[in-house]
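J.: What follows is the file final30.pdb, containing PDB, C-alpha atoms and all ligand atoms:
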```pdb
ATOM      1  CA  MET S 235       1.361 157.955 -48.442
ATOM      2  CA  ILE S 236       2.911 157.157 -45.082
ATOM      3  CA  LEU S 237       4.818 153.895 -44.876
ATOM      4  CA  ILE S 238       4.306 152.967 -41.246
ATOM      5  CA  ASP S 239       7.746 152.097 -39.918
ATOM      6  CA  GLY S 240       6.929 149.552 -37.238
ATOM      7  CA  LYS S 241      10.564 148.626 -36.924
ATOM      8  CA  LYS S 242      11.540 152.178 -35.966
ATOM      9  CA  ILE S 243       8.540 152.731 -33.693
ATOM     10  CA  ALA S 244       9.269 149.428 -31.950
ATOM     11  CA  ALA S 245      12.972 150.289 -31.633
ATOM     12  CA  ASP S 246      12.073 153.591 -29.932
ATOM     13  CA  LEU S 247       9.743 151.758 -27.563
ATOM     14  CA  LYS S 248      12.416 149.203 -26.722
ATOM     15  CA  ALA S 249      15.017 151.945 -26.176
ATOM     16  CA  ALA S 250      12.706 153.660 -23.672
ATOM     17  CA  LEU S 251      12.132 150.323 -21.940
ATOM     18  CA  ALA S 252      15.877 149.598 -21.857
ATOM     19  CA  GLU S 253      16.455 152.853 -20.005
ATOM     20  CA  LYS S 254      13.780 151.909 -17.483
ATOM     21  CA  VAL S 255      15.096 148.361 -17.030
ATOM     22  CA  ALA S 256      18.627 149.691 -16.459
ATOM     23  CA  SER S 257      17.400 151.215 -13.201
ATOM     24  CA  PHE S 258      15.894 147.952 -11.932
ATOM     25  CA  PRO S 259      18.972 146.236 -10.409
ATOM     26  CA  GLU S 260      19.456 149.146  -8.044
ATOM     27  CA  LYS S 261      15.741 149.516  -7.296
ATOM     28  CA  TYR S 262      14.680 145.875  -7.170
ATOM     29  CA  GLY S 263      17.877 143.876  -7.032
ATOM     30  CA  ARG S 264      17.431 142.208 -10.426
ATOM     31  CA  VAL S 265      16.051 142.558 -13.950
ATOM     32  CA  PRO S 266      12.839 140.956 -15.315
ATOM     33  CA  HIS S 267      13.045 137.361 -16.505
ATOM     34  CA  LEU S 268      11.013 136.016 -19.436
ATOM     35  CA  VAL S 269      10.826 132.301 -20.195
ATOM     36  CA  VAL S 270       9.770 131.343 -23.722
ATOM     37  CA  VAL S 271       8.781 127.742 -24.369
ATOM     38  CA  ARG S 272       8.929 126.380 -27.889
ATOM     39  CA  VAL S 273       7.615 122.906 -28.686
ATOM     40  CA  GLY S 274       8.965 121.334 -31.860
ATOM     41  CA  GLU S 275      10.644 122.922 -34.865
ATOM     42  CA  ASP S 276       7.903 124.824 -36.688
ATOM     43  CA  PRO S 277      10.042 127.162 -38.851
ATOM     44  CA  ALA S 278       7.949 130.277 -38.182
ATOM     45  CA  SER S 279       8.024 129.574 -34.437
ATOM     46  CA  VAL S 280      11.804 129.141 -34.515
ATOM     47  CA  VAL S 281      12.130 132.629 -36.049
ATOM     48  CA  TYR S 282       9.583 134.259 -33.735
ATOM     49  CA  VAL S 283      11.165 132.770 -30.622
ATOM     50  CA  ARG S 284      14.629 133.845 -31.705
ATOM     51  CA  ASN S 285      13.369 137.394 -32.302
ATOM     52  CA  LYS S 286      11.794 137.467 -28.856
ATOM     53  CA  ALA S 287      15.104 136.472 -27.256
ATOM     54  CA  ARG S 288      16.946 139.149 -29.257
ATOM     55  CA  ALA S 289      14.463 141.788 -28.147
ATOM     56  CA  CYS S 290      14.993 140.754 -24.528
ATOM     57  CA  ASP S 291      18.731 141.187 -24.996
ATOM     58  CA  ALA S 292      18.208 144.638 -26.499
ATOM     59  CA  VAL S 293      16.019 145.742 -23.590
ATOM     60  CA  GLY S 294      18.135 144.119 -20.874
ATOM     61  CA  ILE S 295      15.549 141.506 -19.921
ATOM     62  CA  ARG S 296      16.907 138.160 -18.779
ATOM     63  CA  ASN S 297      15.541 135.477 -21.058
ATOM     64  CA  THR S 298      15.468 131.727 -21.181
ATOM     65  CA  THR S 299      14.268 129.732 -24.170
ATOM     66  CA  LEU S 300      13.172 126.194 -23.368
ATOM     67  CA  VAL S 301      12.932 123.947 -26.415
ATOM     68  CA  GLN S 302      10.850 120.817 -25.998
ATOM     69  CA  ASP S 303      10.604 117.874 -28.344
ATOM     70  CA  GLU S 304       7.485 117.773 -30.493
ATOM     71  CA  SER S 305       6.568 114.460 -28.845
ATOM     72  CA  ILE S 306       6.280 115.955 -25.337
ATOM     73  CA  SER S 307       3.008 114.902 -23.722
ATOM     74  CA  GLU S 308       0.407 117.481 -22.771
ATOM     75  CA  GLU S 309       0.809 116.554 -19.109
ATOM     76  CA  ALA S 310       4.590 116.955 -19.228
ATOM     77  CA  LEU S 311       4.197 120.408 -20.806
ATOM     78  CA  LEU S 312       1.626 121.406 -18.179
ATOM     79  CA  GLU S 313       4.034 120.212 -15.455
ATOM     80  CA  LEU S 314       6.798 122.315 -16.966
ATOM     81  CA  ILE S 315       4.482 125.358 -16.871
ATOM     82  CA  ARG S 316       3.443 124.667 -13.270
ATOM     83  CA  GLY S 317       7.124 124.606 -12.349
ATOM     84  CA  LEU S 318       7.648 127.997 -14.009
ATOM     85  CA  ASN S 319       4.554 129.376 -12.256
ATOM     86  CA  ALA S 320       6.067 128.390  -8.913
ATOM     87  CA  ASP S 321       9.550 129.667  -9.787
ATOM     88  CA  ASP S 322      10.050 133.041  -8.088
ATOM     89  CA  SER S 323      12.857 133.971 -10.465
ATOM     90  CA  VAL S 324      10.451 133.904 -13.454
ATOM     91  CA  ASP S 325       8.287 136.972 -14.179
ATOM     92  CA  GLY S 326       6.828 136.114 -17.571
ATOM     93  CA  ILE S 327       5.948 132.859 -19.334
ATOM     94  CA  LEU S 328       5.187 132.516 -23.038
ATOM     95  CA  VAL S 329       4.424 129.263 -24.807
ATOM     96  CA  GLN S 330       4.828 129.797 -28.534
ATOM     97  CA  LEU S 331       1.775 128.775 -30.578
ATOM     98  CA  PRO S 332       0.787 126.784 -32.529
ATOM     99  CA  LEU S 333       1.378 123.595 -30.555
ATOM    100  CA  PRO S 334       1.377 120.018 -31.908
ATOM    101  CA  LYS S 335      -2.145 118.681 -32.409
ATOM    102  CA  HIS S 336      -2.037 116.263 -29.447
ATOM    103  CA  ILE S 337      -1.668 119.202 -27.033
ATOM    104  CA  ARG S 338      -4.747 121.246 -26.210
ATOM    105  CA  GLU S 339      -3.780 124.910 -26.503
ATOM    106  CA  ALA S 340      -6.617 125.997 -24.229
ATOM    107  CA  LYS S 341      -5.244 123.754 -21.457
ATOM    108  CA  VAL S 342      -1.791 125.248 -21.852
ATOM    109  CA  ILE S 343      -3.059 128.819 -21.860
ATOM    110  CA  GLU S 344      -5.185 128.368 -18.751
ATOM    111  CA  THR S 345      -2.313 126.690 -16.897
ATOM    112  CA  ILE S 346       0.032 129.676 -17.222
ATOM    113  CA  ALA S 347      -0.379 131.799 -14.075
ATOM    114  CA  ARG S 348      -2.323 134.880 -15.088
ATOM    115  CA  GLU S 349       0.245 137.062 -13.285
ATOM    116  CA  LYS S 350       2.933 135.716 -15.631
ATOM    117  CA  ASP S 351       0.794 135.652 -18.790
ATOM    118  CA  VAL S 352       2.775 138.108 -20.930
ATOM    119  CA  ASP S 353       0.712 137.138 -24.015
ATOM    120  CA  GLY S 354      -2.555 138.212 -22.405
ATOM    121  CA  PHE S 355      -4.140 134.930 -23.525
ATOM    122  CA  HIS S 356      -5.288 133.603 -20.124
ATOM    123  CA  PRO S 357      -9.108 133.527 -19.787
ATOM    124  CA  TYR S 358      -8.925 136.025 -16.902
ATOM    125  CA  ASN S 359      -6.907 138.438 -19.016
ATOM    126  CA  VAL S 360      -9.288 137.997 -21.955
ATOM    127  CA  ALA S 361     -12.251 138.609 -19.635
ATOM    128  CA  GLY S 362     -10.484 141.668 -18.242
ATOM    129  CA  LEU S 363     -10.214 143.148 -21.730
ATOM    130  CA  TRP S 364     -13.901 142.588 -22.454
ATOM    131  CA  GLN S 365     -15.098 143.659 -18.999
ATOM    132  CA  LYS S 366     -12.701 146.595 -18.628
ATOM    133  CA  THR S 367     -11.127 145.263 -15.460
ATOM    134  CA  PRO S 368      -7.326 145.116 -14.893
ATOM    135  CA  HIS S 369      -5.667 142.761 -17.361
ATOM    136  CA  MET S 370      -2.621 142.117 -19.514
ATOM    137  CA  SER S 371      -3.281 143.319 -23.070
ATOM    138  CA  PRO S 372      -2.510 140.947 -25.954
ATOM    139  CA  CYS S 373       0.658 142.044 -27.749
ATOM    140  CA  THR S 374      -0.367 142.290 -31.408
ATOM    141  CA  PRO S 375      -3.577 144.281 -30.824
ATOM    142  CA  ALA S 376      -1.732 146.559 -28.375
ATOM    143  CA  GLY S 377       1.017 147.028 -30.957
ATOM    144  CA  ILE S 378      -1.526 147.991 -33.638
ATOM    145  CA  LEU S 379      -3.025 150.692 -31.411
ATOM    146  CA  LYS S 380       0.455 152.018 -30.671
ATOM    147  CA  LEU S 381       1.173 152.215 -34.415
ATOM    148  CA  LEU S 382      -1.992 154.269 -34.942
ATOM    149  CA  ASP S 383      -1.008 156.555 -32.058
ATOM    150  CA  ALA S 384       2.517 156.925 -33.433
ATOM    151  CA  ILE S 385       1.247 158.200 -36.796
ATOM    152  CA  GLY S 386      -1.341 160.446 -35.155
ATOM    153  CA  VAL S 387      -4.452 158.497 -36.172
ATOM    154  CA  ASP S 388      -7.098 158.689 -33.457
ATOM    155  CA  PRO S 389      -9.662 155.864 -33.824
ATOM    156  CA  LYS S 390     -12.340 157.988 -32.126
ATOM    157  CA  GLY S 391     -15.353 158.408 -34.378
ATOM    158  CA  LYS S 392     -13.727 156.567 -37.278
ATOM    159  CA  ARG S 393     -15.084 153.555 -39.108
ATOM    160  CA  ALA S 394     -12.778 150.629 -38.515
ATOM    161  CA  VAL S 395     -13.084 147.299 -40.280
ATOM    162  CA  VAL S 396     -11.295 144.239 -38.929
ATOM    163  CA  VAL S 397     -10.894 141.231 -41.221
ATOM    164  CA  GLY S 398     -10.427 138.064 -39.161
ATOM    165  CA  ARG S 399     -11.936 136.954 -35.870
ATOM    166  CA  SER S 400      -9.170 135.048 -34.108
ATOM    167  CA  ASN S 401      -8.662 135.120 -30.354
ATOM    168  CA  ILE S 402      -5.112 136.394 -30.851
ATOM    169  CA  VAL S 403      -5.782 139.366 -33.130
ATOM    170  CA  GLY S 404      -9.208 139.936 -34.724
ATOM    171  CA  LEU S 405     -11.450 139.831 -31.673
ATOM    172  CA  PRO S 406      -9.194 141.713 -29.234
ATOM    173  CA  VAL S 407      -8.166 144.428 -31.709
ATOM    174  CA  ALA S 408     -11.844 145.026 -32.521
ATOM    175  CA  LYS S 409     -12.570 145.440 -28.808
ATOM    176  CA  MET S 410      -9.610 147.781 -28.307
ATOM    177  CA  LEU S 411     -10.715 149.927 -31.260
ATOM    178  CA  LEU S 412     -14.242 150.014 -29.795
ATOM    179  CA  ASP S 413     -12.808 151.139 -26.475
ATOM    180  CA  ARG S 414     -11.061 153.950 -28.339
ATOM    181  CA  HIS S 415     -14.489 154.945 -29.712
ATOM    182  CA  ALA S 416     -14.168 153.681 -33.265
ATOM    183  CA  THR S 417     -17.229 152.162 -34.910
ATOM    184  CA  VAL S 418     -16.095 148.645 -35.657
ATOM    185  CA  THR S 419     -17.201 146.069 -38.211
ATOM    186  CA  LEU S 420     -15.793 142.555 -37.984
ATOM    187  CA  CYS S 421     -15.742 140.474 -41.113
ATOM    188  CA  HIS S 422     -14.322 137.120 -42.071
ATOM    189  CA  THR S 423     -14.100 134.413 -44.708
ATOM    190  CA  ARG S 424     -17.877 133.931 -44.798
ATOM    191  CA  THR S 425     -18.653 137.606 -45.172
ATOM    192  CA  VAL S 426     -20.758 138.126 -48.280
ATOM    193  CA  ASP S 427     -19.400 140.816 -50.609
ATOM    194  CA  MET S 428     -16.397 141.667 -48.469
ATOM    195  CA  PRO S 429     -15.227 144.510 -50.758
ATOM    196  CA  SER S 430     -18.413 146.455 -49.989
ATOM    197  CA  VAL S 431     -17.550 146.169 -46.279
ATOM    198  CA  THR S 432     -13.810 146.866 -46.417
ATOM    199  CA  ARG S 433     -14.370 149.878 -48.690
ATOM    200  CA  GLU S 434     -16.209 151.523 -45.778
ATOM    201  CA  ALA S 435     -13.078 151.412 -43.641
ATOM    202  CA  GLU S 436     -11.171 154.501 -42.598
ATOM    203  CA  ILE S 437      -9.000 152.123 -40.581
ATOM    204  CA  LEU S 438      -8.627 148.634 -42.064
ATOM    205  CA  VAL S 439      -6.981 145.927 -39.962
ATOM    206  CA  VAL S 440      -6.394 142.654 -41.768
ATOM    207  CA  ALA S 441      -5.587 139.490 -39.859
ATOM    208  CA  ALA S 442      -7.014 136.781 -42.057
ATOM    209  CA  GLY S 443      -3.904 134.724 -42.804
ATOM    210  CA  ARG S 444      -4.442 134.753 -46.565
ATOM    211  CA  ALA S 445      -1.709 136.027 -48.856
ATOM    212  CA  LYS S 446      -2.625 139.272 -50.665
ATOM    213  CA  MET S 447      -6.380 138.811 -50.154
ATOM    214  CA  ILE S 448      -6.973 142.564 -49.857
ATOM    215  CA  THR S 449      -6.688 144.134 -53.279
ATOM    216  CA  ALA S 450      -6.881 147.796 -54.267
ATOM    217  CA  ASP S 451     -10.573 147.575 -55.264
ATOM    218  CA  MET S 452     -11.365 146.654 -51.627
ATOM    219  CA  VAL S 453      -9.822 149.782 -50.109
ATOM    220  CA  SER S 454     -11.030 153.385 -50.022
ATOM    221  CA  GLU S 455      -8.798 156.244 -51.026
ATOM    222  CA  GLY S 456      -7.143 157.591 -47.867
ATOM    223  CA  ALA S 457      -7.654 154.546 -45.648
ATOM    224  CA  VAL S 458      -5.141 153.578 -42.985
ATOM    225  CA  VAL S 459      -4.251 149.931 -43.653
ATOM    226  CA  ILE S 460      -2.746 147.661 -40.999
ATOM    227  CA  ASP S 461      -1.555 144.309 -42.336
ATOM    228  CA  VAL S 462      -1.114 141.594 -39.700
ATOM    229  CA  GLY S 463      -0.499 138.871 -42.269
ATOM    230  CA  MET S 464       2.631 136.725 -42.308
ATOM    231  CA  ASP S 465       2.101 134.669 -45.432
ATOM    232  CA  THR S 466       4.085 133.126 -48.223
ATOM    233  CA  ASP S 467       3.567 134.679 -51.623
ATOM    234  CA  PRO S 468       2.460 131.742 -53.798
ATOM    235  CA  GLU S 469       4.206 133.275 -56.833
ATOM    236  CA  THR S 470       7.594 134.226 -55.382
ATOM    237  CA  GLY S 471       7.753 132.055 -52.253
ATOM    238  CA  LYS S 472       8.684 135.193 -50.303
ATOM    239  CA  LEU S 473       7.140 136.493 -47.083
ATOM    240  CA  CYS S 474       4.135 138.715 -47.764
ATOM    241  CA  GLY S 475       1.095 140.064 -45.984
ATOM    242  CA  ASP S 476      -2.684 139.690 -46.273
ATOM    243  CA  VAL S 477      -2.697 142.949 -48.234
ATOM    244  CA  ASP S 478      -1.540 143.278 -51.842
ATOM    245  CA  PHE S 479       0.967 145.971 -50.911
ATOM    246  CA  ASP S 480       1.884 147.190 -54.390
ATOM    247  CA  SER S 481      -1.643 148.079 -55.440
ATOM    248  CA  VAL S 482      -3.117 149.027 -52.044
ATOM    249  CA  SER S 483      -0.241 151.366 -51.142
ATOM    250  CA  LYS S 484      -1.271 153.571 -54.098
ATOM    251  CA  LYS S 485      -4.653 154.249 -52.459
ATOM    252  CA  ALA S 486      -3.928 154.139 -48.733
ATOM    253  CA  ALA S 487      -3.032 157.215 -46.682
ATOM    254  CA  ALA S 488      -0.833 154.989 -44.547
ATOM    255  CA  ILE S 489       0.091 151.315 -44.684
ATOM    256  CA  THR S 490       2.249 148.852 -42.784
ATOM    257  CA  PRO S 491       4.844 146.845 -44.720
ATOM    258  CA  VAL S 492       5.353 143.101 -44.220
ATOM    259  CA  PRO S 493       7.847 142.501 -42.761
ATOM    260  CA  GLY S 494       8.632 145.559 -40.646
ATOM    261  CA  GLY S 495       5.142 146.714 -39.708
ATOM    262  CA  VAL S 496       3.091 144.990 -37.030
ATOM    263  CA  GLY S 497       5.572 142.175 -36.255
ATOM    264  CA  PRO S 498       8.178 144.285 -34.445
ATOM    265  CA  MET S 499       5.419 146.024 -32.488
ATOM    266  CA  THR S 500       4.118 142.697 -31.175
ATOM    267  CA  ILE S 501       7.534 141.969 -29.751
ATOM    268  CA  ALA S 502       7.975 145.472 -28.312
ATOM    269  CA  CYS S 503       4.621 145.078 -26.533
ATOM    270  CA  LEU S 504       5.755 141.686 -25.246
ATOM    271  CA  MET S 505       8.746 143.440 -23.676
ATOM    272  CA  GLU S 506       6.379 145.981 -22.120
ATOM    273  CA  ASN S 507       4.168 143.237 -20.737
ATOM    274  CA  THR S 508       7.183 141.456 -19.259
ATOM    275  CA  VAL S 509       8.236 144.635 -17.475
ATOM    276  CA  GLU S 510       4.649 145.106 -16.288
ATOM    277  CA  CYS S 511       4.526 141.557 -14.852
ATOM    278  CA  PHE S 512       7.866 142.166 -13.128
ATOM    279  CA  LEU S 513       6.793 145.506 -11.620
ATOM    280  CA  ALA S 514       3.458 144.062 -10.431
ATOM    281  CA  ARG S 515       5.395 141.665  -8.211
ATOM    282  CA  PHE S 516       7.012 144.576  -6.370
ATOM    283  CA  ALA S 517       3.856 146.688  -6.071
TER
HETATM  284  N1  LIG S 601       2.079 132.535 -32.337
HETATM  285  C1  LIG S 601       1.802 133.548 -33.173
HETATM  286  N2  LIG S 601       1.670 134.694 -32.505
HETATM  287  C2  LIG S 601       1.849 134.407 -31.202
HETATM  288  C3  LIG S 601       1.850 135.190 -30.021
HETATM  289  O1  LIG S 601       1.627 136.402 -30.007
HETATM  290  N3  LIG S 601       2.108 134.502 -28.866
HETATM  291  C4  LIG S 601       2.342 133.171 -28.839
HETATM  292  N4  LIG S 601       2.569 132.618 -27.653
HETATM  293  N5  LIG S 601       2.344 132.423 -29.923
HETATM  294  C5  LIG S 601       2.111 133.046 -31.084
END
```
Written as structure tokens, how would this file's structure read?
T.:
Amino acid sequence: MILIDGKKIAADLKAALAEKVASFPEKYGRVPHLVVVRVGEDPASVVYVRNKARACDAVGIRNTTLVQDESISEEALLELIRGLNADDSVDGILVQLPLPKHIREAKVIETIAREKDVDGFHPYNVAGLWQKTPHMSPCTPAGILKLLDAIGVDPKGKRAVVVGRSNIVGLPVAKMLLDRHATVTLCHTRTVDMPSVTREAEILVVAAGRAKMITADMVSEGAVVIDVGMDTDPETGKLCGDVDFDSVSKKAAAITPVPGGVGPMTIACLMENTVECFLARFA
């Protein structure tokens, strides 16, 4: 069984990016600049945003974290984003989700200039993915495909099953696997007899947001299992994934741990996207 070391694969990616970024001051007169906006004090968001800033430091990307009070109005947040759109010193903008309920996430996402949309969430970038026109790829799905590449698993011709149909992970990763010529089944909480579907998977990607929902009986011997979950184990209170690691790892050919699997890859891909946004401005 291969334990897929996302932390190491992400570190290698970031090291390669750092080398590239080191040449930018001479070539372009400055380094890329990412602005991350966090609204409120959601504990998971606090951790994610801190990790994004640390990754920027490791790669040599200038980064600014703007923390806004949870009570900020939607209009004030949109104004803040418009200001960042117009700011020539800013290459990438990320607004950490989820947002407080009184703020419409769709409004926020569509307000970020598509050229600075390092998340790949803007409707034009989403359309670009589905229409195969130039776009920014969403970070978690891109990171999952890089993990598969890193362990030498080619999706071409394989049966992939994706559990979860969110805009952030399930839908885009299914499309990216399709584009790599996998045969893809999408399933979700209303899927009838999910084990009969997931057992068909040669590549199983789980992004359902339910602690340990994938048990060993749901996985075929030799499957490659990618766990996107970031859940709290109801028994221990510790961080765990959507996959019951202890039992599933006995059957899988390869599996991602939580933490240390997909998470670091998301952030590495965010660094890549930031560099891409920066370079596009000089093209
Ligand atoms: N919240 C959870 N994942 C993400 C992500 O990839 N980007 C943003 N902006 N918020 C998130």
J.: With distances taken over all atoms listed in the file, which residue among S:Glu510, S:Glu344, S:Asp351, S:Asp413 lies nearest ligand LIG 601 (chain S)?
T.: S:Asp351
J.: Might you spell out which residues the PyMOL selection byres (((chain S and resi 460) around 10) and not hetatm) would select in the displayed file, as a list in words?
T.: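 That selection, the PyMOL selection byres (((chain S and resi 460) around 10) and not hetatm), comes back as Ile238, Ile378, Leu381, Leu382, Val396, Ile437, Leu438, Val439, Val440, Ala441, Ala457, Val458, Val459, Asp461, Val462, Gly463, Gly475, Asp476, Val477, Ala488, Ile489, Thr490, Pro491, Val492, Gly495 and Val496 of chain S.
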J.: Contacts between ligand LIG 601 (chain S) and chain S, please, where a residue of chain S counts if it comes within 10 Å (with only C-alpha atoms and all ligand atoms); show its shortest atom pair and distance in Å to one decimal, rows by chain and ascending number, as JSON lines.
T.:
```
{"residue": "S:Val270", "atom": "CA", "partner": "S:LIG601", "partner_atom": "N4", "distance": 8.3}
{"residue": "S:Val271", "atom": "CA", "partner": "S:LIG601", "partner_atom": "N4", "distance": 8.6}
{"residue": "S:Arg272", "atom": "CA", "partner": "S:LIG601", "partner_atom": "N4", "distance": 8.9}
{"residue": "S:Ala278", "atom": "CA", "partner": "S:LIG601", "partner_atom": "C1", "distance": 8.6}
{"residue": "S:Ser279", "atom": "CA", "partner": "S:LIG601", "partner_atom": "N1", "distance": 7.0}
{"residue": "S:Tyr282", "atom": "CA", "partner": "S:LIG601", "partner_atom": "N1", "distance": 7.8}
{"residue": "S:Val283", "atom": "CA", "partner": "S:LIG601", "partner_atom": "N5", "distance": 8.9}
{"residue": "S:Ile327", "atom": "CA", "partner": "S:LIG601", "partner_atom": "N4", "distance": 9.0}
{"residue": "S:Leu328", "atom": "CA", "partner": "S:LIG601", "partner_atom": "N4", "distance": 5.3}
{"residue": "S:Val329", "atom": "CA", "partner": "S:LIG601", "partner_atom": "N4", "distance": 4.8}
{"residue": "S:Gln330", "atom": "CA", "partner": "S:LIG601", "partner_atom": "N4", "distance": 3.7}
{"residue": "S:Leu331", "atom": "CA", "partner": "S:LIG601", "partner_atom": "N5", "distance": 3.7}
{"residue": "S:Pro332", "atom": "CA", "partner": "S:LIG601", "partner_atom": "N1", "distance": 5.9}
{"residue": "S:Leu333", "atom": "CA", "partner": "S:LIG601", "partner_atom": "N5", "distance": 8.9}
{"residue": "S:Ile343", "atom": "CA", "partner": "S:LIG601", "partner_atom": "N4", "distance": 8.9}
{"residue": "S:Asp351", "atom": "CA", "partner": "S:LIG601", "partner_atom": "N4", "distance": 9.5}
{"residue": "S:Val352", "atom": "CA", "partner": "S:LIG601", "partner_atom": "N4", "distance": 8.7}
{"residue": "S:Asp353", "atom": "CA", "partner": "S:LIG601", "partner_atom": "N3", "distance": 5.7}
{"residue": "S:Gly354", "atom": "CA", "partner": "S:LIG601", "partner_atom": "N3", "distance": 8.8}
{"residue": "S:Phe355", "atom": "CA", "partner": "S:LIG601", "partner_atom": "N4", "distance": 8.2}
{"residue": "S:Pro372", "atom": "CA", "partner": "S:LIG601", "partner_atom": "O1", "distance": 7.4}
{"residue": "S:Cys373", "atom": "CA", "partner": "S:LIG601", "partner_atom": "O1", "distance": 6.2}
{"residue": "S:Thr374", "atom": "CA", "partner": "S:LIG601", "partner_atom": "O1", "distance": 6.4}
{"residue": "S:Pro375", "atom": "CA", "partner": "S:LIG601", "partner_atom": "O1", "distance": 9.5}
{"residue": "S:Ile402", "atom": "CA", "partner": "S:LIG601", "partner_atom": "O1", "distance": 6.8}
{"residue": "S:Val403", "atom": "CA", "partner": "S:LIG601", "partner_atom": "O1", "distance": 8.6}
{"residue": "S:Met464", "atom": "CA", "partner": "S:LIG601", "partner_atom": "C1", "distance": 9.7}
{"residue": "S:Gly497", "atom": "CA", "partner": "S:LIG601", "partner_atom": "N2", "distance": 9.2}
{"residue": "S:Thr500", "atom": "CA", "partner": "S:LIG601", "partner_atom": "O1", "distance": 6.9}
{"residue": "S:Ile501", "atom": "CA", "partner": "S:LIG601", "partner_atom": "O1", "distance": 8.1}
{"residue": "S:Cys503", "atom": "CA", "partner": "S:LIG601", "partner_atom": "O1", "distance": 9.8}
{"residue": "S:Leu504", "atom": "CA", "partner": "S:LIG601", "partner_atom": "O1", "distance": 8.2}
```
J.: Enter the distance from atom CA of Leu379 of chain S to atom CA of Lys392 of chain S, in Å, rounded to one decimal.
T.: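 Between atom CA of Leu379 of chain S and atom CA of Lys392 of chain S the gap is 13.5 Å.
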J.: Work out how far apart atom CA of Glu304 of chain S and atom CA of Val273 of chain S are and give it in Å to one decimal.
T.: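 Interatomic distance, atom CA of Glu304 of chain S to atom CA of Val273 of chain S: 5.4 Å.
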J.: Please indicate the distance in Å from atom CA of Thr299 of chain S to atom CA of Ala361 of chain S, rounded to one decimal place.
T.: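 Between atom CA of Thr299 of chain S and atom CA of Ala361 of chain S the gap works out to 28.3 Å.
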J.: So, with only C-alpha atoms as the atoms that count, which of S:Val418, S:Ala292, S:Ala435, S:Val426 lies closest to Ala249 of chain S?
T.: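 Between S:Val418, S:Ala292, S:Ala435, S:Val426, the residue approaching Ala249 of chain S most closely is S:Ala292.
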J.: Any idea what's packed within 12 Å of Phe516 of chain S, counting all atoms listed in the file, ignoring anything in its chain fewer than 6 positions away? Could you give it as a list in words?
T.: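 Here the answer would be Phe258, Lys261, Tyr262, Gly263, Arg264, Val265, Pro266, Asp325, Val509 and Glu510 of chain S.
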J.: Counting all atoms listed in the file, which residue out of S:Arg424, S:Arg444, S:Lys390, S:Lys241 sits closest to Leu412 of chain S?
T.: S:Lys390
J.: With all atoms listed in the file as the basis for distance, which of S:Leu268, S:Val387, S:Met428, S:Leu513 is at the shortest distance from Val293 of chain S?
T.: S:Leu268
J.: Missing atoms in segment 406-418 of chain S: fill them in up to N, CA and C atoms and send the result as an mmCIF file, in the frame of the given file.
T.:
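Contents of out.cif, as written:
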```cif
data_model
loop_
_atom_site.group_PDB
_atom_site.id
_atom_site.type_symbol
_atom_site.label_atom_id
_atom_site.label_comp_id
_atom_site.auth_asym_id
_atom_site.auth_seq_id
_atom_site.Cartn_x
_atom_site.Cartn_y
_atom_site.Cartn_z
ATOM 1 N N PRO S 406 -9.666 140.688 -30.169
ATOM 2 C CA PRO S 406 -9.194 141.713 -29.234
ATOM 3 C C PRO S 406 -8.921 143.075 -29.875
ATOM 4 N N VAL S 407 -8.437 143.105 -31.117
ATOM 5 C CA VAL S 407 -8.166 144.428 -31.709
ATOM 6 C C VAL S 407 -9.484 145.157 -31.970
ATOM 7 N N ALA S 408 -10.524 144.404 -32.329
ATOM 8 C CA ALA S 408 -11.844 145.026 -32.521
ATOM 9 C C ALA S 408 -12.317 145.651 -31.213
ATOM 10 N N LYS S 409 -12.143 144.916 -30.110
ATOM 11 C CA LYS S 409 -12.570 145.440 -28.808
ATOM 12 C C LYS S 409 -11.758 146.675 -28.409
ATOM 13 N N MET S 410 -10.451 146.635 -28.687
ATOM 14 C CA MET S 410 -9.610 147.781 -28.307
ATOM 15 C C MET S 410 -9.945 149.006 -29.145
ATOM 16 N N LEU S 411 -10.287 148.806 -30.420
ATOM 17 C CA LEU S 411 -10.715 149.927 -31.260
ATOM 18 C C LEU S 411 -12.055 150.485 -30.779
ATOM 19 N N LEU S 412 -12.953 149.582 -30.373
ATOM 20 C CA LEU S 412 -14.242 150.014 -29.795
ATOM 21 C C LEU S 412 -14.014 150.868 -28.556
ATOM 22 N N ASP S 413 -13.088 150.409 -27.714
ATOM 23 C CA ASP S 413 -12.808 151.139 -26.475
ATOM 24 C C ASP S 413 -12.173 152.501 -26.744
ATOM 25 N N ARG S 414 -11.594 152.632 -27.939
ATOM 26 C CA ARG S 414 -11.061 153.950 -28.339
ATOM 27 C C ARG S 414 -12.099 154.704 -29.185
ATOM 28 N N HIS S 415 -13.340 154.243 -29.122
ATOM 29 C CA HIS S 415 -14.489 154.945 -29.712
ATOM 30 C C HIS S 415 -14.538 154.928 -31.234
ATOM 31 N N ALA S 416 -13.927 153.909 -31.833
ATOM 32 C CA ALA S 416 -14.168 153.681 -33.265
ATOM 33 C C ALA S 416 -15.497 152.946 -33.402
ATOM 34 N N THR S 417 -16.088 153.008 -34.590
ATOM 35 C CA THR S 417 -17.229 152.162 -34.910
ATOM 36 C C THR S 417 -16.661 150.982 -35.692
ATOM 37 N N VAL S 418 -16.871 149.785 -35.159
ATOM 38 C CA VAL S 418 -16.095 148.645 -35.657
ATOM 39 C C VAL S 418 -16.987 147.611 -36.348
#
```
